[in-house]
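Have a look at run36.txt; it's compact mmCIF, N, CA and C atoms:
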```
# COMPACT_ATOMS: atom_id res chain seq x y z
N MET A 209 144.53 -17.12 54.46
CA MET A 209 143.11 -17.06 54.21
C MET A 209 142.69 -18.27 53.37
N ARG A 210 141.60 -18.81 53.72
CA ARG A 210 141.12 -19.95 52.95
C ARG A 210 140.51 -19.46 51.64
N ARG A 211 140.42 -20.37 50.70
CA ARG A 211 139.93 -20.01 49.37
C ARG A 211 138.52 -19.44 49.42
N ASN A 212 137.65 -20.05 50.22
CA ASN A 212 136.27 -19.60 50.30
C ASN A 212 136.19 -18.18 50.88
N GLU A 213 137.00 -17.89 51.90
CA GLU A 213 137.01 -16.55 52.49
C GLU A 213 137.52 -15.51 51.50
N LEU A 214 138.52 -15.90 50.71
CA LEU A 214 139.06 -14.98 49.71
C LEU A 214 138.03 -14.66 48.63
N LEU A 215 137.27 -15.66 48.23
CA LEU A 215 136.22 -15.43 47.23
C LEU A 215 135.14 -14.51 47.77
N LYS A 216 134.79 -14.67 49.05
CA LYS A 216 133.80 -13.78 49.67
C LYS A 216 134.31 -12.34 49.71
N LYS A 217 135.59 -12.19 50.01
CA LYS A 217 136.19 -10.86 50.08
C LYS A 217 136.17 -10.19 48.71
N LYS A 218 136.51 -10.93 47.66
CA LYS A 218 136.47 -10.37 46.30
C LYS A 218 135.05 -10.02 45.89
N LYS A 219 134.10 -10.86 46.29
CA LYS A 219 132.71 -10.61 45.95
C LYS A 219 132.20 -9.34 46.62
N LYS A 220 132.59 -9.13 47.87
CA LYS A 220 132.20 -7.91 48.58
C LYS A 220 132.82 -6.68 47.92
N PHE A 221 134.07 -6.80 47.50
CA PHE A 221 134.74 -5.68 46.83
C PHE A 221 134.04 -5.34 45.53
N LYS A 222 133.70 -6.35 44.74
CA LYS A 222 132.98 -6.11 43.48
C LYS A 222 131.65 -5.42 43.76
N ARG A 223 130.96 -5.84 44.81
CA ARG A 223 129.68 -5.25 45.16
C ARG A 223 129.84 -3.77 45.51
N ARG A 224 130.90 -3.44 46.24
CA ARG A 224 131.17 -2.04 46.57
C ARG A 224 131.47 -1.23 45.31
N ILE A 225 132.22 -1.82 44.39
CA ILE A 225 132.54 -1.13 43.13
C ILE A 225 131.26 -0.80 42.38
N PHE A 226 130.36 -1.76 42.26
CA PHE A 226 129.12 -1.52 41.52
C PHE A 226 128.22 -0.52 42.24
N ARG A 227 128.24 -0.54 43.58
CA ARG A 227 127.42 0.40 44.34
C ARG A 227 127.89 1.84 44.11
N VAL A 228 129.19 2.04 44.08
CA VAL A 228 129.73 3.38 43.83
C VAL A 228 129.52 3.76 42.37
N ARG A 229 129.76 2.83 41.48
CA ARG A 229 129.76 3.08 40.04
C ARG A 229 128.38 3.42 39.48
N LYS A 230 127.32 2.86 40.08
CA LYS A 230 125.98 3.11 39.53
C LYS A 230 125.51 4.54 39.79
N LYS A 231 126.19 5.24 40.70
CA LYS A 231 125.79 6.61 41.04
C LYS A 231 126.52 7.68 40.24
N ILE A 232 127.61 7.30 39.56
CA ILE A 232 128.42 8.31 38.87
C ILE A 232 128.56 7.96 37.39
N PHE A 233 128.74 9.02 36.60
CA PHE A 233 128.88 8.85 35.15
C PHE A 233 129.72 10.00 34.63
N GLY A 234 130.73 9.68 33.84
CA GLY A 234 131.60 10.71 33.29
C GLY A 234 131.19 11.12 31.89
N THR A 235 131.26 12.41 31.63
CA THR A 235 130.93 12.93 30.30
C THR A 235 132.20 13.52 29.68
N THR A 236 132.07 14.05 28.48
CA THR A 236 133.21 14.66 27.81
C THR A 236 133.66 15.92 28.56
N GLU A 237 132.69 16.73 29.03
CA GLU A 237 133.03 17.95 29.75
C GLU A 237 133.50 17.66 31.16
N ARG A 238 132.96 16.61 31.77
CA ARG A 238 133.29 16.25 33.15
C ARG A 238 133.56 14.74 33.23
N PRO A 239 134.77 14.32 32.87
CA PRO A 239 135.07 12.88 32.86
C PRO A 239 135.20 12.31 34.27
N ARG A 240 135.26 11.02 34.33
CA ARG A 240 135.37 10.29 35.59
C ARG A 240 136.83 10.07 35.92
N LEU A 241 137.24 10.47 37.11
CA LEU A 241 138.60 10.23 37.59
C LEU A 241 138.60 8.93 38.38
N VAL A 242 139.13 7.88 37.78
CA VAL A 242 139.12 6.55 38.38
C VAL A 242 140.44 6.32 39.10
N VAL A 243 140.35 5.89 40.35
CA VAL A 243 141.52 5.60 41.16
C VAL A 243 141.61 4.10 41.37
N ASN A 244 142.79 3.57 41.13
CA ASN A 244 143.03 2.14 41.38
C ASN A 244 144.33 2.03 42.13
N ARG A 245 144.40 1.13 43.08
CA ARG A 245 145.63 0.96 43.84
C ARG A 245 145.97 -0.51 43.95
N SER A 246 147.26 -0.77 43.96
CA SER A 246 147.74 -2.11 44.24
C SER A 246 148.62 -2.01 45.48
N LEU A 247 149.26 -3.07 45.84
CA LEU A 247 150.09 -3.01 47.04
C LEU A 247 151.28 -2.07 46.86
N ARG A 248 151.81 -1.96 45.66
CA ARG A 248 152.99 -1.14 45.43
C ARG A 248 152.73 0.15 44.67
N ASN A 249 151.74 0.17 43.80
CA ASN A 249 151.56 1.30 42.88
C ASN A 249 150.17 1.90 43.00
N MET A 250 150.05 3.11 42.44
CA MET A 250 148.80 3.85 42.42
C MET A 250 148.53 4.27 40.99
N TYR A 251 147.30 4.16 40.55
CA TYR A 251 146.93 4.46 39.17
C TYR A 251 145.75 5.43 39.17
N ALA A 252 145.70 6.33 38.19
CA ALA A 252 144.58 7.25 38.02
C ALA A 252 144.32 7.40 36.53
N GLN A 253 143.03 7.40 36.17
CA GLN A 253 142.63 7.53 34.76
C GLN A 253 141.51 8.56 34.65
N LEU A 254 141.45 9.24 33.53
CA LEU A 254 140.31 10.08 33.19
C LEU A 254 139.54 9.36 32.09
N VAL A 255 138.27 9.03 32.37
CA VAL A 255 137.47 8.21 31.46
C VAL A 255 136.23 8.98 31.04
N ASP A 256 135.98 8.98 29.73
CA ASP A 256 134.75 9.55 29.16
C ASP A 256 133.80 8.38 28.93
N ASP A 257 132.73 8.31 29.73
CA ASP A 257 131.81 7.17 29.66
C ASP A 257 130.86 7.25 28.47
N THR A 258 130.67 8.43 27.89
CA THR A 258 129.77 8.53 26.74
C THR A 258 130.37 7.83 25.53
N THR A 259 131.69 7.94 25.36
CA THR A 259 132.36 7.26 24.24
C THR A 259 133.05 5.98 24.68
N GLY A 260 133.22 5.81 26.00
CA GLY A 260 133.88 4.61 26.51
C GLY A 260 135.38 4.62 26.31
N LYS A 261 135.97 5.82 26.31
CA LYS A 261 137.41 5.93 26.06
C LYS A 261 138.14 6.54 27.25
N THR A 262 139.38 6.10 27.43
CA THR A 262 140.24 6.67 28.45
C THR A 262 140.98 7.86 27.83
N LEU A 263 140.84 9.02 28.45
CA LEU A 263 141.46 10.23 27.92
C LEU A 263 142.95 10.27 28.26
N THR A 264 143.29 10.02 29.50
CA THR A 264 144.69 10.00 29.91
C THR A 264 144.84 9.14 31.16
N THR A 265 146.04 8.72 31.41
CA THR A 265 146.31 7.87 32.57
C THR A 265 147.66 8.23 33.17
N VAL A 266 147.76 8.08 34.47
CA VAL A 266 148.99 8.34 35.22
C VAL A 266 149.13 7.28 36.29
N SER A 267 150.35 6.86 36.54
CA SER A 267 150.60 5.94 37.64
C SER A 267 151.97 6.21 38.24
N THR A 268 152.27 5.53 39.31
CA THR A 268 153.60 5.67 39.91
C THR A 268 154.66 5.06 39.02
N LEU A 269 154.25 4.33 38.00
CA LEU A 269 155.18 3.75 37.04
C LEU A 269 155.43 4.66 35.84
N SER A 270 154.71 5.78 35.76
CA SER A 270 154.87 6.72 34.65
C SER A 270 156.27 7.32 34.67
N PRO A 271 156.87 7.51 33.50
CA PRO A 271 158.23 8.05 33.45
C PRO A 271 158.38 9.44 34.08
N GLU A 272 157.31 10.23 34.06
CA GLU A 272 157.37 11.58 34.63
C GLU A 272 157.53 11.55 36.14
N ILE A 273 157.03 10.51 36.79
CA ILE A 273 157.02 10.43 38.25
C ILE A 273 158.05 9.44 38.78
N ARG A 274 158.37 8.46 38.01
CA ARG A 274 159.13 7.32 38.50
C ARG A 274 160.41 7.70 39.25
N ASP A 275 161.15 8.67 38.74
CA ASP A 275 162.40 9.06 39.41
C ASP A 275 162.13 9.89 40.67
N LYS A 276 160.97 10.53 40.77
CA LYS A 276 160.63 11.34 41.94
C LYS A 276 160.11 10.49 43.11
N THR A 277 159.67 9.27 42.83
CA THR A 277 159.06 8.45 43.88
C THR A 277 160.06 7.73 44.76
N ALA A 278 161.32 7.73 44.39
CA ALA A 278 162.32 6.99 45.17
C ALA A 278 162.46 7.61 46.56
N GLY A 279 162.33 6.76 47.57
CA GLY A 279 162.50 7.20 48.95
C GLY A 279 161.28 7.85 49.56
N LYS A 280 160.15 7.86 48.87
CA LYS A 280 158.93 8.47 49.40
C LYS A 280 157.97 7.38 49.86
N THR A 281 157.07 7.76 50.75
CA THR A 281 156.06 6.81 51.20
C THR A 281 155.01 6.63 50.10
N LYS A 282 154.20 5.61 50.25
CA LYS A 282 153.17 5.35 49.24
C LYS A 282 152.13 6.48 49.20
N THR A 283 151.87 7.09 50.35
CA THR A 283 150.93 8.20 50.39
C THR A 283 151.48 9.42 49.65
N GLU A 284 152.76 9.69 49.83
CA GLU A 284 153.39 10.79 49.10
C GLU A 284 153.43 10.52 47.61
N GLN A 285 153.65 9.27 47.23
CA GLN A 285 153.64 8.89 45.81
C GLN A 285 152.25 9.10 45.22
N ALA A 286 151.21 8.79 46.00
CA ALA A 286 149.84 9.01 45.53
C ALA A 286 149.58 10.50 45.30
N GLY A 287 150.16 11.34 46.15
CA GLY A 287 150.04 12.79 45.96
C GLY A 287 150.66 13.25 44.66
N LEU A 288 151.81 12.69 44.32
CA LEU A 288 152.45 13.03 43.04
C LEU A 288 151.58 12.62 41.86
N VAL A 289 150.94 11.45 41.97
CA VAL A 289 150.04 10.97 40.91
C VAL A 289 148.87 11.94 40.76
N GLY A 290 148.32 12.41 41.88
CA GLY A 290 147.21 13.37 41.83
C GLY A 290 147.58 14.68 41.16
N GLU A 291 148.78 15.17 41.46
CA GLU A 291 149.24 16.42 40.83
C GLU A 291 149.40 16.25 39.33
N LEU A 292 149.98 15.13 38.91
CA LEU A 292 150.23 14.93 37.49
C LEU A 292 148.94 14.70 36.71
N ILE A 293 147.96 13.99 37.30
CA ILE A 293 146.70 13.77 36.59
C ILE A 293 145.96 15.11 36.43
N ALA A 294 146.10 16.00 37.41
CA ALA A 294 145.48 17.33 37.29
C ALA A 294 146.15 18.14 36.19
N GLN A 295 147.47 18.05 36.08
CA GLN A 295 148.18 18.76 35.02
C GLN A 295 147.79 18.24 33.65
N LYS A 296 147.68 16.92 33.52
CA LYS A 296 147.28 16.35 32.23
C LYS A 296 145.83 16.70 31.90
N ALA A 297 144.97 16.80 32.91
CA ALA A 297 143.58 17.19 32.67
C ALA A 297 143.52 18.62 32.14
N LYS A 298 144.37 19.48 32.66
CA LYS A 298 144.39 20.87 32.19
C LYS A 298 144.87 20.95 30.75
N GLN A 299 145.74 20.04 30.33
CA GLN A 299 146.16 20.00 28.93
C GLN A 299 144.98 19.67 28.02
N PHE A 300 144.04 18.87 28.51
CA PHE A 300 142.83 18.53 27.76
C PHE A 300 141.72 19.56 27.99
N LYS A 301 142.06 20.67 28.71
CA LYS A 301 141.10 21.73 29.04
C LYS A 301 139.94 21.21 29.88
N ILE A 302 140.26 20.36 30.84
CA ILE A 302 139.26 19.79 31.74
C ILE A 302 139.47 20.43 33.12
N GLU A 303 138.41 21.04 33.64
CA GLU A 303 138.48 21.69 34.95
C GLU A 303 137.75 20.88 36.01
N GLN A 304 136.66 20.19 35.62
CA GLN A 304 135.86 19.44 36.58
C GLN A 304 135.86 17.96 36.23
N VAL A 305 135.86 17.14 37.26
CA VAL A 305 135.79 15.69 37.08
C VAL A 305 134.81 15.11 38.09
N VAL A 306 134.45 13.84 37.86
CA VAL A 306 133.66 13.08 38.81
C VAL A 306 134.61 12.07 39.43
N PHE A 307 134.72 12.05 40.75
CA PHE A 307 135.70 11.20 41.42
C PHE A 307 135.12 9.81 41.64
N ASP A 308 135.82 8.80 41.13
CA ASP A 308 135.41 7.40 41.28
C ASP A 308 136.46 6.70 42.14
N ARG A 309 136.12 6.47 43.39
CA ARG A 309 137.05 5.83 44.30
C ARG A 309 136.99 4.31 44.20
N ARG A 310 136.15 3.82 43.32
CA ARG A 310 135.90 2.38 43.17
C ARG A 310 135.42 1.82 44.50
N GLY A 311 135.93 0.73 44.95
CA GLY A 311 135.46 0.15 46.21
C GLY A 311 136.32 0.53 47.39
N TYR A 312 137.26 1.43 47.19
CA TYR A 312 138.19 1.79 48.25
C TYR A 312 137.59 2.86 49.17
N ARG A 313 137.97 2.82 50.43
CA ARG A 313 137.55 3.85 51.36
C ARG A 313 138.28 5.15 51.03
N TYR A 314 137.62 6.26 51.35
CA TYR A 314 138.23 7.57 51.09
C TYR A 314 139.13 7.91 52.27
N GLN A 315 140.30 7.31 52.28
CA GLN A 315 141.30 7.55 53.31
C GLN A 315 142.66 7.15 52.77
N GLY A 316 143.70 7.57 53.43
CA GLY A 316 145.04 7.15 53.06
C GLY A 316 145.45 7.62 51.68
N ARG A 317 145.86 6.66 50.86
CA ARG A 317 146.38 6.98 49.54
C ARG A 317 145.33 7.55 48.62
N VAL A 318 144.10 7.07 48.72
CA VAL A 318 143.02 7.57 47.86
C VAL A 318 142.74 9.04 48.19
N LYS A 319 142.71 9.36 49.48
CA LYS A 319 142.47 10.73 49.90
C LYS A 319 143.64 11.63 49.51
N ALA A 320 144.86 11.14 49.63
CA ALA A 320 146.04 11.93 49.26
C ALA A 320 146.02 12.27 47.78
N LEU A 321 145.65 11.31 46.95
CA LEU A 321 145.55 11.56 45.51
C LEU A 321 144.49 12.62 45.22
N ALA A 322 143.32 12.49 45.86
CA ALA A 322 142.23 13.43 45.62
C ALA A 322 142.59 14.83 46.10
N ASP A 323 143.20 14.94 47.26
CA ASP A 323 143.56 16.25 47.80
C ASP A 323 144.60 16.95 46.93
N SER A 324 145.60 16.21 46.47
CA SER A 324 146.62 16.84 45.64
C SER A 324 146.07 17.22 44.27
N ALA A 325 145.11 16.45 43.75
CA ALA A 325 144.47 16.83 42.48
C ALA A 325 143.66 18.11 42.66
N ARG A 326 143.01 18.25 43.81
CA ARG A 326 142.26 19.47 44.09
C ARG A 326 143.19 20.67 44.22
N LYS A 327 144.31 20.48 44.91
CA LYS A 327 145.27 21.58 45.06
C LYS A 327 145.85 22.01 43.72
N ALA A 328 145.97 21.05 42.79
CA ALA A 328 146.52 21.36 41.47
C ALA A 328 145.48 21.99 40.54
N GLY A 329 144.22 22.08 41.00
CA GLY A 329 143.24 22.82 40.22
C GLY A 329 142.02 22.05 39.72
N LEU A 330 141.93 20.75 39.96
CA LEU A 330 140.74 20.01 39.54
C LEU A 330 139.61 20.26 40.54
N LYS A 331 138.39 20.32 40.03
CA LYS A 331 137.23 20.52 40.90
C LYS A 331 136.37 19.26 40.88
N PHE A 332 136.09 18.76 42.07
CA PHE A 332 135.14 17.65 42.24
C PHE A 332 134.67 17.59 43.67
```
Show me the file's structure as structure tokens.
Amino acid sequence: MRRNELLKKKKKFKRRIFRVRKKIFGTTERPRLVVNRSLRNMYAQLVDDTTGKTLTTVSTLSPEIRDKTAGKTKTEQAGLVGELIAQKAKQFKIEQVVFDRRGYRYQGRVKALADSARKAGLKF
């Protein structure tokens, strides 16, 4: 990809992030569940936007999951991240969240994370 095309692609992604982000806001009772993905790993955070603080975070690099991810597909690893973020949310007595998919489409790994978080008890 040429440099100019890559810059256009990043600009479009940023635009999608802002378009999604302007519609949602996390509070203390209902924080924002932010999903971020890279080529190898999946990350999830619970963010309270009123104070601007991250309550908890989970990724495929977390020690709780790292040994379980060996030999699994990236979609299955995203499911494990969703289950663990739901468990950590329950420790903070959080039942409901606002789902922030950032600029990513709701499919594949993002959907797997969301579905497993719902199965583990989070409501969104």
Check: How would you write, as JSON, numbers by chain, the set of residues in chain A that DSSP gives as alpha helix (DSSP H)?
Finding: {"A": [211, 212, 213, 214, 215, 216, 217, 218, 219, 220, 221, 222, 223, 224, 225, 226, 227, 228, 229, 271, 272, 273, 274, 282, 283, 284, 285, 286, 287, 288, 289, 290, 291, 292, 293, 294, 295, 296, 297, 298, 299, 317, 318, 319, 320, 321, 322, 323, 324, 325, 326, 327]}
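Computed from the coordinates, the CA of Arg240 in chain A to CA of Thr268 in chain A distance equals 19.3 Å.
Across the structure, atom N of Thr277 in chain A and CA of Gln253 in chain A are spaced 18.9 Å apart.
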List the spatial neighbours of range 296-299 of chain A as a PDB file with N, CA and C atoms, in the coordinates of the input - criterion: any atom at most 8 Å away, only N, CA and C atoms, same-chain residues fewer than 3 positions off excluded.
```
ATOM      1  N   LEU A 254     141.450   9.240  33.530  1.00  0.00           N
ATOM      2  CA  LEU A 254     140.310  10.080  33.190  1.00  0.00           C
ATOM      3  C   LEU A 254     139.540   9.360  32.090  1.00  0.00           C
ATOM      4  N   LEU A 263     140.840   9.020  28.450  1.00  0.00           N
ATOM      5  CA  LEU A 263     141.460  10.230  27.920  1.00  0.00           C
ATOM      6  C   LEU A 263     142.950  10.270  28.260  1.00  0.00           C
ATOM      7  N   THR A 264     143.290  10.020  29.500  1.00  0.00           N
ATOM      8  CA  THR A 264     144.690  10.000  29.910  1.00  0.00           C
ATOM      9  C   THR A 264     144.840   9.140  31.160  1.00  0.00           C
ATOM     10  N   THR A 265     146.040   8.720  31.410  1.00  0.00           N
ATOM     11  CA  THR A 265     146.310   7.870  32.570  1.00  0.00           C
ATOM     12  C   THR A 265     147.660   8.230  33.170  1.00  0.00           C
ATOM     13  N   GLY A 290     148.320  12.410  41.880  1.00  0.00           N
ATOM     14  CA  GLY A 290     147.210  13.370  41.830  1.00  0.00           C
ATOM     15  C   GLY A 290     147.580  14.680  41.160  1.00  0.00           C
ATOM     16  N   GLU A 291     148.780  15.170  41.460  1.00  0.00           N
ATOM     17  CA  GLU A 291     149.240  16.420  40.830  1.00  0.00           C
ATOM     18  C   GLU A 291     149.400  16.250  39.330  1.00  0.00           C
ATOM     19  N   LEU A 292     149.980  15.130  38.910  1.00  0.00           N
ATOM     20  CA  LEU A 292     150.230  14.930  37.490  1.00  0.00           C
ATOM     21  C   LEU A 292     148.940  14.700  36.710  1.00  0.00           C
ATOM     22  N   ILE A 293     147.960  13.990  37.300  1.00  0.00           N
ATOM     23  CA  ILE A 293     146.700  13.770  36.590  1.00  0.00           C
ATOM     24  C   ILE A 293     145.960  15.110  36.430  1.00  0.00           C
ATOM     25  N   ILE A 302     140.260  20.360  30.840  1.00  0.00           N
ATOM     26  CA  ILE A 302     139.260  19.790  31.740  1.00  0.00           C
ATOM     27  C   ILE A 302     139.470  20.430  33.120  1.00  0.00           C
ATOM     28  N   GLU A 303     138.410  21.040  33.640  1.00  0.00           N
ATOM     29  CA  GLU A 303     138.480  21.690  34.950  1.00  0.00           C
ATOM     30  C   GLU A 303     137.750  20.880  36.010  1.00  0.00           C
ATOM     31  N   GLN A 304     136.660  20.190  35.620  1.00  0.00           N
ATOM     32  CA  GLN A 304     135.860  19.440  36.580  1.00  0.00           C
ATOM     33  C   GLN A 304     135.860  17.960  36.230  1.00  0.00           C
ATOM     34  N   GLY A 329     144.220  22.080  41.000  1.00  0.00           N
ATOM     35  CA  GLY A 329     143.240  22.820  40.220  1.00  0.00           C
ATOM     36  C   GLY A 329     142.020  22.050  39.720  1.00  0.00           C
ATOM     37  N   LEU A 330     141.930  20.750  39.960  1.00  0.00           N
ATOM     38  CA  LEU A 330     140.740  20.010  39.540  1.00  0.00           C
ATOM     39  C   LEU A 330     139.610  20.260  40.540  1.00  0.00           C
TER      40      LEU A 330
END
```
Note to self: as a count of residues only, please: every residue in range 227-309 of chain A that a backbone DSSP assignment puts in strand (DSSP E).
What the structure shows: 23
Item checked: Atom-to-atom span, atom C of Ala320 in chain A and atom C of Leu247 in chain A, Å -> 15.3 Å
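Using only C-alpha atoms, the smallest distance between any of A:Leu321, A:Leu214, A:Leu269, A:Met209 and Gly287 in chain A comes from A:Leu321.
With only C-alpha atoms as the atoms that count, the residue of A:Lys219, A:Gly234, A:Glu272, A:Gly311 with the shortest distance to Phe332 in chain A is A:Gly234.
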Item checked: Given all atoms listed in the file as the counted atoms, nearest of A:Asp256, A:Val305, A:Arg210, A:Met250 to Gln285 in chain A -> A:Met250
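Using all atoms listed in the file, the contacts of Gly316 in chain A at a cut-off of 8 Å, with sequence neighbours closer than 3 positions omitted, comprise Lys282, Thr283, Glu284, Ala286, Arg313, Lys319, Ala320, Leu321 and Ala322 of chain A.
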